[in-house]
$ cat input-v2.cif   # mmCIF, C-alpha atoms
data_work
#
loop_
_atom_site.label_atom_id
_atom_site.label_comp_id
_atom_site.auth_asym_id
_atom_site.auth_seq_id
_atom_site.Cartn_x
_atom_site.Cartn_y
_atom_site.Cartn_z
CA MET A 7 9.67 23.31 -44.27
CA TYR A 8 12.22 25.61 -42.76
CA GLN A 9 11.51 24.35 -39.26
CA PHE A 10 12.92 20.92 -40.16
CA ASN A 11 16.18 22.26 -41.53
CA VAL A 12 19.34 21.10 -39.91
CA TYR A 13 22.21 23.54 -39.84
CA ARG A 14 25.59 23.68 -38.29
CA ILE A 15 26.18 25.56 -35.03
CA GLY A 16 29.73 26.53 -34.24
CA PRO A 17 32.83 25.12 -35.88
CA GLU A 18 32.88 22.34 -38.41
CA ILE A 19 34.00 19.05 -36.89
CA LYS A 20 35.30 16.57 -39.42
CA ILE A 21 36.90 13.20 -38.92
CA GLY A 22 38.32 12.23 -42.25
CA GLU A 23 35.54 12.71 -44.72
CA ILE A 24 32.78 12.34 -42.12
CA ASP A 25 31.03 15.50 -40.96
CA LEU A 26 30.24 15.36 -37.25
CA SER A 27 29.47 19.03 -36.78
CA PHE A 28 27.33 20.20 -33.89
CA THR A 29 23.96 21.13 -35.36
CA ASN A 30 20.68 22.52 -34.06
CA ALA A 31 19.48 18.91 -33.90
CA SER A 32 22.42 18.03 -31.68
CA LEU A 33 21.67 21.09 -29.56
CA PHE A 34 18.12 19.92 -28.88
CA MET A 35 19.29 16.40 -28.15
CA VAL A 36 21.66 17.86 -25.58
CA ILE A 37 18.94 20.09 -24.15
CA SER A 38 16.54 17.14 -23.83
CA THR A 39 19.18 15.00 -22.16
CA LEU A 40 20.20 17.73 -19.76
CA SER A 41 16.64 18.60 -18.79
CA ILE A 42 15.81 14.95 -18.15
CA LEU A 43 18.92 14.53 -16.05
CA LEU A 44 18.24 17.76 -14.16
CA ILE A 45 14.64 16.92 -13.35
CA PHE A 46 15.31 13.35 -12.33
CA ASN A 47 18.41 14.25 -10.42
CA LEU A 48 16.43 16.75 -8.39
CA GLY A 49 13.68 14.19 -8.04
CA SER A 50 15.92 11.47 -6.69
CA LYS A 51 18.21 13.50 -4.48
CA LYS A 52 16.04 14.05 -1.47
CA ASN A 53 14.53 11.06 0.21
CA SER A 54 11.59 12.35 2.14
CA LEU A 55 8.77 10.10 3.21
CA ILE A 56 6.28 12.60 1.84
CA PRO A 57 7.66 13.60 -1.56
CA ASN A 58 7.81 17.17 -2.77
CA LYS A 59 6.54 18.06 -6.22
CA ILE A 60 9.63 17.25 -8.24
CA GLN A 61 10.23 14.04 -6.34
CA LEU A 62 6.61 13.08 -6.92
CA LEU A 63 7.07 13.74 -10.64
CA ALA A 64 10.14 11.53 -10.79
CA GLU A 65 8.57 8.77 -8.76
CA LEU A 66 5.33 8.83 -10.71
CA SER A 67 7.25 8.58 -13.98
CA TYR A 68 9.24 5.72 -12.53
CA SER A 69 6.18 3.77 -11.47
CA PHE A 70 4.38 4.63 -14.71
CA VAL A 71 7.14 3.15 -16.88
CA SER A 72 7.65 0.29 -14.46
CA LYS A 73 3.97 -0.62 -14.61
CA MET A 74 3.94 -0.31 -18.38
CA ILE A 75 6.83 -2.77 -18.67
CA SER A 76 5.47 -5.30 -16.22
CA ASP A 77 2.04 -5.15 -17.86
CA THR A 78 3.28 -5.75 -21.38
CA ALA A 79 6.47 -7.76 -21.00
CA GLY A 80 6.18 -9.32 -17.57
CA THR A 81 8.79 -9.57 -14.85
CA LYS A 82 11.45 -10.92 -17.17
CA ALA A 83 11.80 -7.49 -18.75
CA LYS A 84 12.97 -5.90 -15.51
CA PRO A 85 16.67 -5.72 -16.52
CA TYR A 86 15.68 -3.57 -19.51
CA PHE A 87 13.81 -1.08 -17.37
CA SER A 88 16.56 1.54 -17.48
CA PHE A 89 16.77 1.41 -21.24
CA ILE A 90 13.03 1.70 -21.81
CA PHE A 91 12.78 4.45 -19.24
CA SER A 92 15.58 6.40 -20.95
CA LEU A 93 13.99 5.79 -24.33
CA PHE A 94 10.56 6.93 -23.23
CA MET A 95 11.91 10.03 -21.52
CA PHE A 96 14.20 10.93 -24.42
CA VAL A 97 11.45 10.65 -27.02
CA LEU A 98 8.96 12.42 -24.77
CA PHE A 99 11.29 15.34 -24.07
CA CYS A 100 12.32 15.66 -27.72
CA ASN A 101 8.66 15.71 -28.73
CA MET A 102 7.67 18.18 -26.03
CA LEU A 103 10.59 20.52 -26.62
CA GLY A 104 9.55 20.56 -30.26
CA MET A 105 6.26 22.14 -29.20
CA ILE A 106 8.05 25.34 -28.17
CA PRO A 107 7.88 27.82 -31.04
CA TYR A 108 11.13 28.31 -32.97
CA SER A 109 12.58 25.18 -31.42
CA PHE A 110 13.64 22.08 -33.28
CA THR A 111 11.97 18.67 -33.07
CA VAL A 112 14.61 15.99 -33.00
CA THR A 113 12.12 13.19 -33.48
CA SER A 114 10.71 14.73 -36.66
CA HIS A 115 13.77 13.40 -38.47
CA ILE A 116 13.49 9.92 -39.88
CA ILE A 117 17.17 9.23 -39.39
CA VAL A 118 16.92 9.75 -35.61
CA THR A 119 13.81 7.64 -35.14
CA PHE A 120 15.15 5.01 -37.51
CA VAL A 121 18.41 4.67 -35.60
CA LEU A 122 16.48 4.25 -32.36
CA ALA A 123 14.10 1.75 -33.92
CA ALA A 124 16.89 -0.17 -35.62
CA PHE A 125 18.82 -0.35 -32.38
CA ILE A 126 15.73 -1.71 -30.61
CA PHE A 127 15.08 -4.18 -33.42
CA ILE A 128 18.63 -5.50 -33.48
CA GLY A 129 18.82 -5.60 -29.69
CA VAL A 130 15.55 -7.47 -29.35
CA THR A 131 16.56 -9.96 -32.04
CA ILE A 132 19.88 -10.60 -30.31
CA ILE A 133 18.15 -11.06 -26.97
CA GLY A 134 15.75 -13.53 -28.56
CA PHE A 135 18.54 -15.58 -30.11
CA ILE A 136 20.58 -15.57 -26.91
CA LYS A 137 17.61 -16.69 -24.89
CA TYR A 138 16.16 -19.31 -27.23
CA GLY A 139 18.90 -20.03 -29.77
CA PHE A 140 17.57 -21.13 -33.12
CA SER A 141 14.21 -21.99 -31.65
CA TYR A 142 13.62 -18.23 -31.63
CA LEU A 143 12.79 -18.74 -35.32
CA LYS A 144 9.63 -20.48 -34.14
CA LEU A 145 8.33 -16.95 -33.70
CA PHE A 146 7.64 -17.04 -37.43
CA VAL A 147 5.72 -20.29 -37.24
CA PRO A 148 2.45 -19.75 -35.38
CA SER A 149 0.94 -22.90 -33.94
CA GLY A 150 -2.37 -24.26 -35.14
CA VAL A 151 -2.01 -23.13 -38.75
CA PRO A 152 -2.92 -25.62 -41.50
CA MET A 153 0.06 -26.99 -43.40
CA VAL A 154 -1.19 -25.59 -46.68
CA LEU A 155 -1.13 -22.05 -45.39
CA LEU A 156 2.09 -22.38 -43.45
CA PRO A 157 4.56 -21.18 -46.12
CA LEU A 158 2.44 -18.11 -46.77
CA ILE A 159 2.05 -17.36 -43.07
CA VAL A 160 5.76 -17.73 -42.43
CA VAL A 161 6.58 -15.31 -45.23
CA ILE A 162 4.06 -12.81 -43.89
CA GLU A 163 5.42 -13.21 -40.35
CA ILE A 164 8.97 -12.65 -41.51
CA ILE A 165 8.02 -9.57 -43.48
CA SER A 166 6.06 -8.16 -40.56
CA TYR A 167 8.98 -8.84 -38.25
CA LEU A 168 11.46 -7.19 -40.57
CA SER A 169 9.23 -4.19 -41.10
CA ARG A 170 9.05 -3.52 -37.37
CA PRO A 171 11.89 -0.98 -37.29
CA ILE A 172 10.42 0.81 -40.28
CA SER A 173 6.90 0.99 -38.87
CA LEU A 174 8.23 2.00 -35.47
CA SER A 175 10.41 4.79 -36.82
CA VAL A 176 8.02 6.06 -39.49
CA ARG A 177 5.13 6.19 -37.02
CA LEU A 178 6.95 8.55 -34.70
CA PHE A 179 8.61 10.59 -37.43
CA ALA A 180 5.44 11.02 -39.50
CA ASN A 181 3.33 11.97 -36.51
CA MET A 182 5.75 14.60 -35.35
CA MET A 183 6.33 15.99 -38.79
CA ALA A 184 2.66 16.02 -39.77
CA GLY A 185 1.68 17.85 -36.63
CA HIS A 186 4.32 20.50 -37.06
CA THR A 187 3.53 20.89 -40.73
CA MET A 188 -0.15 21.37 -39.95
CA MET A 189 0.70 24.04 -37.44
CA LYS A 190 2.94 25.69 -39.96
CA VAL A 191 0.21 25.60 -42.61
CA PHE A 192 -2.38 27.11 -40.31
CA GLY A 193 0.15 29.67 -39.15
CA GLY A 194 0.71 30.57 -42.79
CA PHE A 195 -3.06 30.97 -43.26
CA VAL A 196 -3.21 33.34 -40.31
CA VAL A 197 -0.59 35.52 -41.94
CA SER A 198 -2.03 35.37 -45.45
CA LEU A 199 -5.66 35.98 -44.40
CA GLY A 200 -4.61 38.85 -42.19
CA ILE A 201 -6.59 40.52 -39.44
CA VAL A 202 -9.94 39.95 -41.17
CA GLY A 203 -10.02 36.22 -41.81
CA GLY A 204 -7.05 35.05 -39.81
CA TRP A 205 -8.97 34.35 -36.63
CA LEU A 206 -10.33 30.99 -37.72
CA PRO A 207 -6.93 29.45 -38.58
CA LEU A 208 -5.56 31.02 -35.41
CA GLY A 209 -8.20 29.19 -33.41
CA PHE A 210 -7.30 26.03 -35.28
CA SER A 211 -3.68 26.61 -34.48
CA VAL A 212 -4.45 26.92 -30.77
CA ALA A 213 -6.56 23.76 -30.83
CA LEU A 214 -3.85 21.97 -32.79
CA THR A 215 -1.26 22.94 -30.22
CA GLY A 216 -3.29 21.14 -27.60
CA LEU A 217 -3.72 18.14 -29.86
CA GLU A 218 -0.04 18.09 -30.68
CA ILE A 219 0.94 18.06 -27.03
CA LEU A 220 -1.30 15.04 -26.63
CA VAL A 221 0.24 13.45 -29.72
CA ALA A 222 3.75 14.21 -28.43
CA PHE A 223 3.02 12.29 -25.25
CA LEU A 224 1.08 9.56 -26.97
CA GLN A 225 3.76 8.87 -29.56
CA ALA A 226 6.45 8.62 -26.92
CA TYR A 227 4.19 6.21 -25.04
CA VAL A 228 3.48 4.19 -28.17
CA PHE A 229 7.16 4.05 -29.02
CA ALA A 230 7.99 2.76 -25.56
CA ILE A 231 5.12 0.31 -25.35
CA LEU A 232 5.91 -1.16 -28.78
CA THR A 233 9.46 -1.64 -27.61
CA CYS A 234 8.05 -3.50 -24.63
CA ILE A 235 5.89 -5.66 -26.89
CA TYR A 236 8.85 -6.55 -29.11
CA LEU A 237 10.85 -7.32 -26.01
CA ASN A 238 8.02 -9.48 -24.77
CA ASP A 239 8.18 -11.51 -28.00
CA ALA A 240 11.87 -12.09 -27.45
CA LEU A 241 11.62 -12.87 -23.73
CA ASN A 242 8.47 -14.95 -23.65
CA LEU A 243 8.36 -17.09 -26.75
CA HIS A 244 4.83 -18.44 -26.90
CA HIS A 245 4.99 -20.98 -29.67
CA MET B 1 -10.19 11.34 -39.47
CA ILE B 2 -7.81 13.98 -38.13
CA LYS B 3 -4.91 11.80 -39.11
CA LYS B 4 -6.21 11.49 -42.65
CA VAL B 5 -6.63 15.22 -42.98
CA THR B 6 -3.20 15.75 -41.50
CA LEU B 7 -1.59 13.31 -43.84
CA SER B 8 -3.29 14.73 -46.91
CA ILE B 9 -2.16 18.20 -45.94
CA LEU B 10 1.29 16.80 -45.36
CA TYR B 11 1.44 15.27 -48.79
CA LEU B 12 0.11 18.46 -50.28
CA GLN B 13 2.84 20.34 -48.49
CA ILE B 14 5.51 17.87 -49.53
CA PHE B 15 4.56 17.78 -53.17
CA THR B 16 3.89 21.47 -53.52
CA SER B 17 6.74 22.66 -51.39
CA LYS B 18 8.99 22.73 -54.36
CA SER B 19 6.76 25.16 -56.17
CA ILE B 20 5.68 27.14 -53.06
CA GLY B 21 8.81 26.78 -51.05
CA ALA B 22 11.11 29.64 -51.23
CA GLU B 23 13.08 27.80 -48.54
CA SER B 24 14.60 24.58 -49.76
CA GLY B 25 13.78 21.75 -52.05
CA GLY B 26 11.89 18.74 -50.68
CA MET B 27 11.97 17.43 -47.18
CA PRO B 28 15.03 18.38 -45.17
CA GLN B 29 14.67 15.01 -43.46
CA LEU B 30 15.70 13.23 -46.62
CA ASP B 31 18.79 15.31 -47.13
CA PRO B 32 21.67 13.08 -46.03
CA GLU B 33 24.09 15.94 -45.41
CA TYR B 34 23.86 15.82 -41.61
CA TRP B 35 22.68 12.22 -41.15
CA ILE B 36 25.99 11.00 -39.79
CA SER B 37 26.25 13.96 -37.47
CA GLN B 38 22.71 13.34 -36.16
CA ILE B 39 23.46 9.67 -35.58
CA PHE B 40 26.71 10.57 -33.86
CA TRP B 41 25.12 13.07 -31.52
CA LEU B 42 22.13 10.83 -30.91
CA VAL B 43 24.42 8.02 -29.81
CA ILE B 44 26.39 10.36 -27.56
CA THR B 45 23.42 12.08 -25.91
CA PHE B 46 21.23 9.01 -25.61
CA GLY B 47 24.14 6.91 -24.44
CA LEU B 48 25.03 9.46 -21.82
CA LEU B 49 21.40 9.73 -20.75
CA PHE B 50 21.09 5.96 -20.47
CA VAL B 51 24.30 5.52 -18.51
CA ILE B 52 23.61 8.33 -16.05
CA LEU B 53 19.98 7.36 -15.56
CA SER B 54 20.68 3.68 -15.07
CA LYS B 55 23.78 4.05 -12.91
CA LEU B 56 23.01 7.11 -10.81
CA ILE B 57 19.47 8.31 -10.89
CA LEU B 58 17.09 5.37 -11.30
CA PRO B 59 18.62 3.34 -8.43
CA GLY B 60 18.08 6.35 -6.19
CA ILE B 61 14.43 6.67 -7.16
CA SER B 62 13.90 2.95 -6.79
CA LYS B 63 15.54 3.04 -3.38
CA ASN B 64 13.33 5.93 -2.32
CA LEU B 65 10.24 4.08 -3.44
CA GLU B 66 11.30 0.91 -1.70
CA ASN B 67 12.19 2.78 1.46
CA ARG B 68 8.80 4.36 1.51
CA LYS B 69 7.11 1.03 0.94
CA SER B 70 9.09 -0.71 3.65
CA GLN B 71 8.52 2.21 6.00
CA ILE B 72 4.78 2.03 5.45
CA VAL B 73 4.79 -1.72 5.93
CA GLU B 74 6.88 -1.32 9.06
CA ASN B 75 4.55 1.32 10.44
CA ILE B 76 1.54 -0.86 9.79
CA GLU B 77 3.29 -3.74 11.50
CA THR B 78 4.12 -1.60 14.50
CA ALA B 79 0.57 -0.37 14.68
CA ASP B 80 -0.71 -3.94 14.55
CA LYS B 81 1.70 -5.00 17.23
CA GLN B 82 0.73 -2.15 19.47
CA ARG B 83 -2.91 -2.85 18.93
CA SER B 84 -2.52 -6.52 19.84
CA GLU B 85 -0.50 -5.50 22.86
CA SER B 86 -3.17 -3.10 23.99
CA ASP B 87 -5.75 -5.81 23.43
CA LYS B 88 -3.71 -8.12 25.59
CA LEU B 89 -3.38 -5.48 28.29
CA ASN B 90 -7.08 -4.84 28.11
CA LYS B 91 -7.78 -8.52 28.57
CA GLU B 92 -5.38 -8.68 31.46
CA TYR B 93 -7.04 -5.69 33.02
CA GLU B 94 -10.41 -7.30 32.68
CA LYS B 95 -9.06 -10.49 34.16
CA VAL B 96 -7.63 -8.61 37.12
CA ILE B 97 -10.92 -6.83 37.61
CA LEU B 98 -12.81 -10.11 37.47
CA GLU B 99 -10.40 -11.76 39.87
CA SER B 100 -10.56 -8.93 42.33
CA ARG B 101 -14.31 -8.98 42.14
CA ILE B 102 -14.30 -12.70 42.93
CA LYS B 103 -11.85 -12.09 45.70
CA ALA B 104 -13.97 -9.35 47.15
CA LYS B 105 -16.96 -11.65 47.07
CA ASN B 106 -14.96 -14.36 48.78
CA ILE B 107 -13.78 -11.98 51.44
CA LEU B 108 -17.30 -10.84 52.02
CA LYS B 109 -18.52 -14.42 52.22
CA GLU B 110 -15.76 -15.38 54.61
CA ALA B 111 -16.42 -12.39 56.76
CA LYS B 112 -20.06 -13.30 56.90
CA LYS B 113 -19.19 -16.87 57.71
CA ARG B 114 -16.79 -15.88 60.41
CA LEU B 115 -19.28 -13.49 61.84
CA ILE B 116 -21.92 -16.18 61.91
CA GLU B 117 -19.48 -18.60 63.46
CA ASP B 118 -18.50 -16.06 66.04
CA ILE B 119 -22.09 -15.37 66.84
CA ASP B 120 -22.78 -19.10 67.05
CA LYS B 121 -19.83 -19.66 69.29
CA LYS B 122 -20.80 -16.88 71.60
CA ARG B 123 -24.35 -18.06 71.63
CA ASP B 124 -23.15 -21.57 72.43
CA ILE B 125 -21.07 -20.30 75.27
CA LEU B 126 -23.92 -18.22 76.49
CA GLU B 127 -26.30 -21.10 76.20
CA ASN B 128 -23.86 -23.32 78.04
CA GLU B 129 -23.62 -20.81 80.79
CA ILE B 130 -27.33 -20.41 80.89
CA ASP B 131 -27.66 -24.16 80.98
CA LYS B 132 -25.20 -24.41 83.75
CA GLU B 133 -26.95 -21.74 85.73
CA LEU B 134 -30.23 -23.35 85.06
CA LYS B 135 -28.90 -26.66 86.19
CA SER B 136 -27.42 -25.24 89.37
CA ALA B 137 -30.66 -23.40 89.99
CA GLU B 138 -32.59 -26.57 89.40
CA LYS B 139 -30.22 -28.40 91.67
CA GLU B 140 -30.71 -25.79 94.32
CA ILE B 141 -34.40 -25.95 93.88
CA LYS B 142 -34.26 -29.69 93.96
CA SER B 143 -32.12 -29.74 97.03
CA LEU B 144 -34.43 -27.23 98.56
CA ILE B 145 -37.36 -29.36 97.59
CA ASP B 146 -35.60 -32.46 98.87
CA LYS B 147 -34.73 -30.85 102.10
CA SER B 148 -38.07 -29.22 102.73
CA PRO B 149 -40.24 -32.33 103.62
CA ALA B 150 -37.80 -33.33 106.29
CA LYS B 151 -37.76 -29.89 107.70
CA ILE B 152 -41.51 -29.54 107.41
CA ASN B 153 -41.92 -32.90 109.11
CA GLN B 154 -39.65 -31.86 111.89
CA ILE B 155 -41.46 -28.57 112.25
CA ALA B 156 -44.70 -30.41 112.13
CA ILE B 157 -43.52 -32.85 114.77
CA GLU B 158 -42.24 -30.10 117.00
CA THR B 159 -45.27 -27.94 116.49
CA SER B 160 -47.66 -30.83 117.06
CA SER B 161 -45.79 -31.93 120.16
CA ASP B 162 -45.79 -28.34 121.41
CA LEU B 163 -49.43 -28.01 120.58
CA LEU B 164 -50.25 -31.26 122.34
CA LYS B 165 -48.25 -30.21 125.40
CA GLN B 166 -50.09 -26.93 125.56
CA LEU B 167 -53.47 -28.43 124.88
CA ILE B 168 -53.42 -31.44 127.01
CA GLY B 169 -50.31 -30.79 129.02
CA ALA B 170 -49.05 -34.16 128.44
CA GLU B 171 -45.86 -35.29 127.04
CA VAL B 172 -46.48 -37.30 123.94
CA ASN B 173 -43.93 -39.63 122.63
CA LYS B 174 -42.09 -37.97 119.87
CA SER B 175 -41.60 -41.12 117.89
CA ASN B 176 -45.31 -41.60 117.69
CA ILE B 177 -45.88 -38.17 116.34
CA SER B 178 -43.14 -38.47 113.79
CA ALA B 179 -44.58 -41.74 112.59
CA ILE B 180 -47.90 -40.05 112.02
CA VAL B 181 -46.35 -37.04 110.32
CA GLU B 182 -44.28 -39.19 108.08
CA ASP B 183 -47.31 -41.17 107.21
CA LEU B 184 -49.19 -38.03 106.41
CA SER B 185 -46.44 -36.49 104.36
CA ARG B 186 -45.97 -39.69 102.44
CA LYS B 187 -49.65 -39.62 101.69
CA ARG B 188 -49.43 -36.05 100.55
CA ASN B 189 -46.38 -36.69 98.51
CA GLY B 190 -48.20 -39.57 96.95
CA GLN B 191 -51.03 -37.26 96.14
CA ILE B 192 -48.68 -34.70 94.63
CA SER B 193 -46.75 -37.13 92.61
#
$ encode --input "input-v2.cif" --output "structure tokens"
Amino acid sequence: MYQFNVYRIGPEIKIGEIDLSFTNASLFMVISTLSILLIFNLGSKKNSLIPNKIQLLAELSYSFVSKMISDTAGTKAKPYFSFIFSLFMFVLFCNMLGMIPYSFTVTSHIIVTFVLAAFIFIGVTIIGFIKYGFSYLKLFVPSGVPMVLLPLIVVIEIISYLSRPISLSVRLFANMMAGHTMMKVFGGFVVSLGIVGGWLPLGFSVALTGLEILVAFLQAYVFAILTCIYLNDALNLHH
Amino acid sequence: MIKKVTLSILYLQIFTSKSIGAESGGMPQLDPEYWISQIFWLVITFGLLFVILSKLILPGISKNLENRKSQIVENIETADKQRSESDKLNKEYEKVILESRIKAKNILKEAKKRLIEDIDKKRDILENEIDKELKSAEKEIKSLIDKSPAKINQIAIETSSDLLKQLIGAEVNKSNISAIVEDLSRKRNGQIS
């Protein structure tokens, strides 16, 4: 599990008792951020009627996320476009950078995904209460349920609502970690079986790399789209 | 299926990593040593990313997209306008052609009419002249005809008196002869008419 280790790079930064040192995780967060900013800055700088490749990439990503938001959360979610776009790109780049050998996968750490998910959860809840006041609690009371079942349903709804940040964060974290662990295991088999029997796990490793790239994209997409769905609940209260 | 296999391998790895792992104990993810640092740097990097994207970069992309859209719409509008204009011009052209054709026909008709009128007029004049000539000729003939019985009578009287003088050597009274001649000519005229 060496690939998931976090270690300090450079000097120790401490504020009081709290350790804020720059680690390899921080390094890959910075790399992700900078590469996103670089690509999208290049993609938005020139304004040609017929876009060049990098501009096309930026514009396609823009319309992709924009379409995703309007499909799942409607037009009311437009003010949150920047946040969801940043979120999607950040998770996507962290996942993808993790696919480079010897790099570090930021999103394979539960604390990172949990902070993101918790932030989304708290933000969405606040938005819901601001928009609907206490009637936002109607979210837990689905219409058309018999009175006998209502207490049970409400409890289940509340639990499912509260478990959202956990499911959201664990889904991303577990997917990223499982994939990398699998790769590591098969890589270990290649080494231990040597030149005679190592070809099969090597083939598996190659296939897994392809699968993992797909998973890296898919999990970023799922993370973003679930955020949109939660936002939709807060913006368009159906009950 | 793949997920199940993956997860089972993961658990295997997690639970056996202590015995296999020469590296470290358990999952590094659950070691809280650098949690605060990760949260701190996550907030900084993601916050920076969000601020720069939302303030600087995304508006630019959105503007580009909108510009392109409006440009395309504008171009389509211009094309439509030009097409309708060309249609209008085409219609006008056809109208002009039609009008000029009608005009040409009219001119032709008028020319024909005028020609016919001219011919008629000239013919009328000619006919008038011919009529006049005919009339004068008839008049002449008539006057000639009118004059001729008197002359013939006179000639007849003179000739008959001369003849009588030569034949019988006697002078016959001219008035007698003329009475006879006139009687004769009247008879002949009566026969003619």
$ residues_around --input "input-v2.cif" --residues "region 92-109 of chain A" --least-positions-apart "3" --cutoff "7 Å" --atoms "only C-alpha atoms" --output "PyMOL selection string"
(chain A and resi 38-39+88-89+112-113+219+222-223+226-227+230) or (chain B and resi 49-50)
$ atom_distance --input "input-v2.cif" --atom1 "CA of Asp146 (chain B)" --atom2 "CA of Ser178 (chain B)"
17.8 Å
$ closest_atom_pairs --input "input-v2.cif" --of "chain A" --to "chain B" --cutoff "7 Å" --atoms "only C-alpha atoms" --output "CSV"
residue,atom,partner,partner_atom,distance
A:Met7,CA,B:Met27,CA,7.0
A:Tyr8,CA,B:Glu23,CA,6.2
A:Phe10,CA,B:Pro28,CA,6.0
A:Asn11,CA,B:Pro28,CA,5.4
A:Asp25,CA,B:Ser37,CA,6.1
A:Leu26,CA,B:Ser37,CA,4.2
A:Ser27,CA,B:Ser37,CA,6.0
A:Ala31,CA,B:Gln38,CA,6.8
A:Ser32,CA,B:Trp41,CA,5.6
A:Met35,CA,B:Thr45,CA,6.4
A:Val36,CA,B:Thr45,CA,6.1
A:Thr39,CA,B:Leu49,CA,5.9
A:Phe46,CA,B:Ile57,CA,6.7
A:Asn47,CA,B:Ile57,CA,6.1
A:Ser50,CA,B:Ile61,CA,5.0
A:Asn53,CA,B:Asn64,CA,5.8
A:Leu55,CA,B:Arg68,CA,6.0
A:Glu65,CA,B:Ile61,CA,6.4
A:Ser88,CA,B:Ser54,CA,5.2
A:Phe89,CA,B:Phe50,CA,6.3
A:Ser92,CA,B:Phe50,CA,5.5
A:His115,CA,B:Gln29,CA,5.3
A:Ile116,CA,B:Gln29,CA,6.3
A:Ile117,CA,B:Trp35,CA,6.5
A:Val118,CA,B:Ile39,CA,6.5
A:Ala184,CA,B:Leu10,CA,5.8
A:Thr187,CA,B:Leu10,CA,6.6
A:Met188,CA,B:Thr6,CA,6.6
$ resolve_selection --input "input-v2.cif" --expression "the PyMOL selection byres ((chain A and resi 128) around 12)" --output "MDAnalysis selection string"
chainID A and resid 120:127 129:135 167:168 170:171 233 236:237 240
$ closest_residue --input "input-v2.cif" --among "B:Glu129, B:Glu94, B:Glu182, B:Glu74" --to "Gln154 (chain B)" --atoms "all atoms listed in the file"
B:Glu182
$ closest_residue --input "input-v2.cif" --among "A:Val71, A:Asn30, A:Lys59, A:Ser149" --to "Ile231 (chain A)" --atoms "all atoms listed in the file"
A:Val71
$ closest_residue --input "input-v2.cif" --among "A:Leu243, A:Ile56, A:Ile159, A:Ile42" --to "Tyr138 (chain A)" --atoms "all atoms listed in the file"
A:Leu243
$ atom_distance --input "input-v2.cif" --atom1 "CA of Val196 (chain A)" --atom2 "CA of Met182 (chain A)"
21.4 Å
$ residues_around --input "input-v2.cif" --residues "Asn173 (chain B)" --least-positions-apart "5" --cutoff "12 Å" --atoms "all atoms listed in the file" --output "list in words"
Ile157, Glu158, Ser160, Ser161, Asp162, Leu164, Lys165, Ser178, Ala179 and Ile180 of chain B
$ residues_around --input "input-v2.cif" --residues "Val181 (chain B)" --least-positions-apart "3" --cutoff "10 Å" --atoms "only C-alpha atoms" --output "MDAnalysis selection string"
chainID B and resid 152:157 160 175:178 184:187
$ atom_distance --input "input-v2.cif" --atom1 "CA of Glu99 (chain B)" --atom2 "CA of Gln82 (chain B)"
25.1 Å
$ resolve_selection --input "input-v2.cif" --expression "the PyMOL selection byres ((chain A and resi 82-85) around 10)" --output "compact mmCIF listing (two decimals) with C-alpha atoms, in the coordinates of the input"
# COMPACT_ATOMS: atom_id res chain seq x y z
CA SER A 72 7.65 0.29 -14.46
CA ILE A 75 6.83 -2.77 -18.67
CA SER A 76 5.47 -5.30 -16.22
CA THR A 78 3.28 -5.75 -21.38
CA ALA A 79 6.47 -7.76 -21.00
CA GLY A 80 6.18 -9.32 -17.57
CA THR A 81 8.79 -9.57 -14.85
CA TYR A 86 15.68 -3.57 -19.51
CA PHE A 87 13.81 -1.08 -17.37
CA SER A 88 16.56 1.54 -17.48
CA PHE A 89 16.77 1.41 -21.24
CA ILE A 90 13.03 1.70 -21.81
CA CYS A 234 8.05 -3.50 -24.63
CA LEU A 237 10.85 -7.32 -26.01
CA ASN A 238 8.02 -9.48 -24.77
CA ALA A 240 11.87 -12.09 -27.45
CA LEU A 241 11.62 -12.87 -23.73
CA ASN A 242 8.47 -14.95 -23.65
$ resolve_selection --input "input-v2.cif" --expression "the PyMOL selection byres ((chain A and resi 207-211) around 9)" --output "list in words"
Met188, Met189, Lys190, Phe192, Gly193, Gly194, Phe195, Val196, Leu199, Gly203, Gly204, Trp205, Leu206, Val212, Ala213, Leu214, Thr215 and Gly216 of chain A
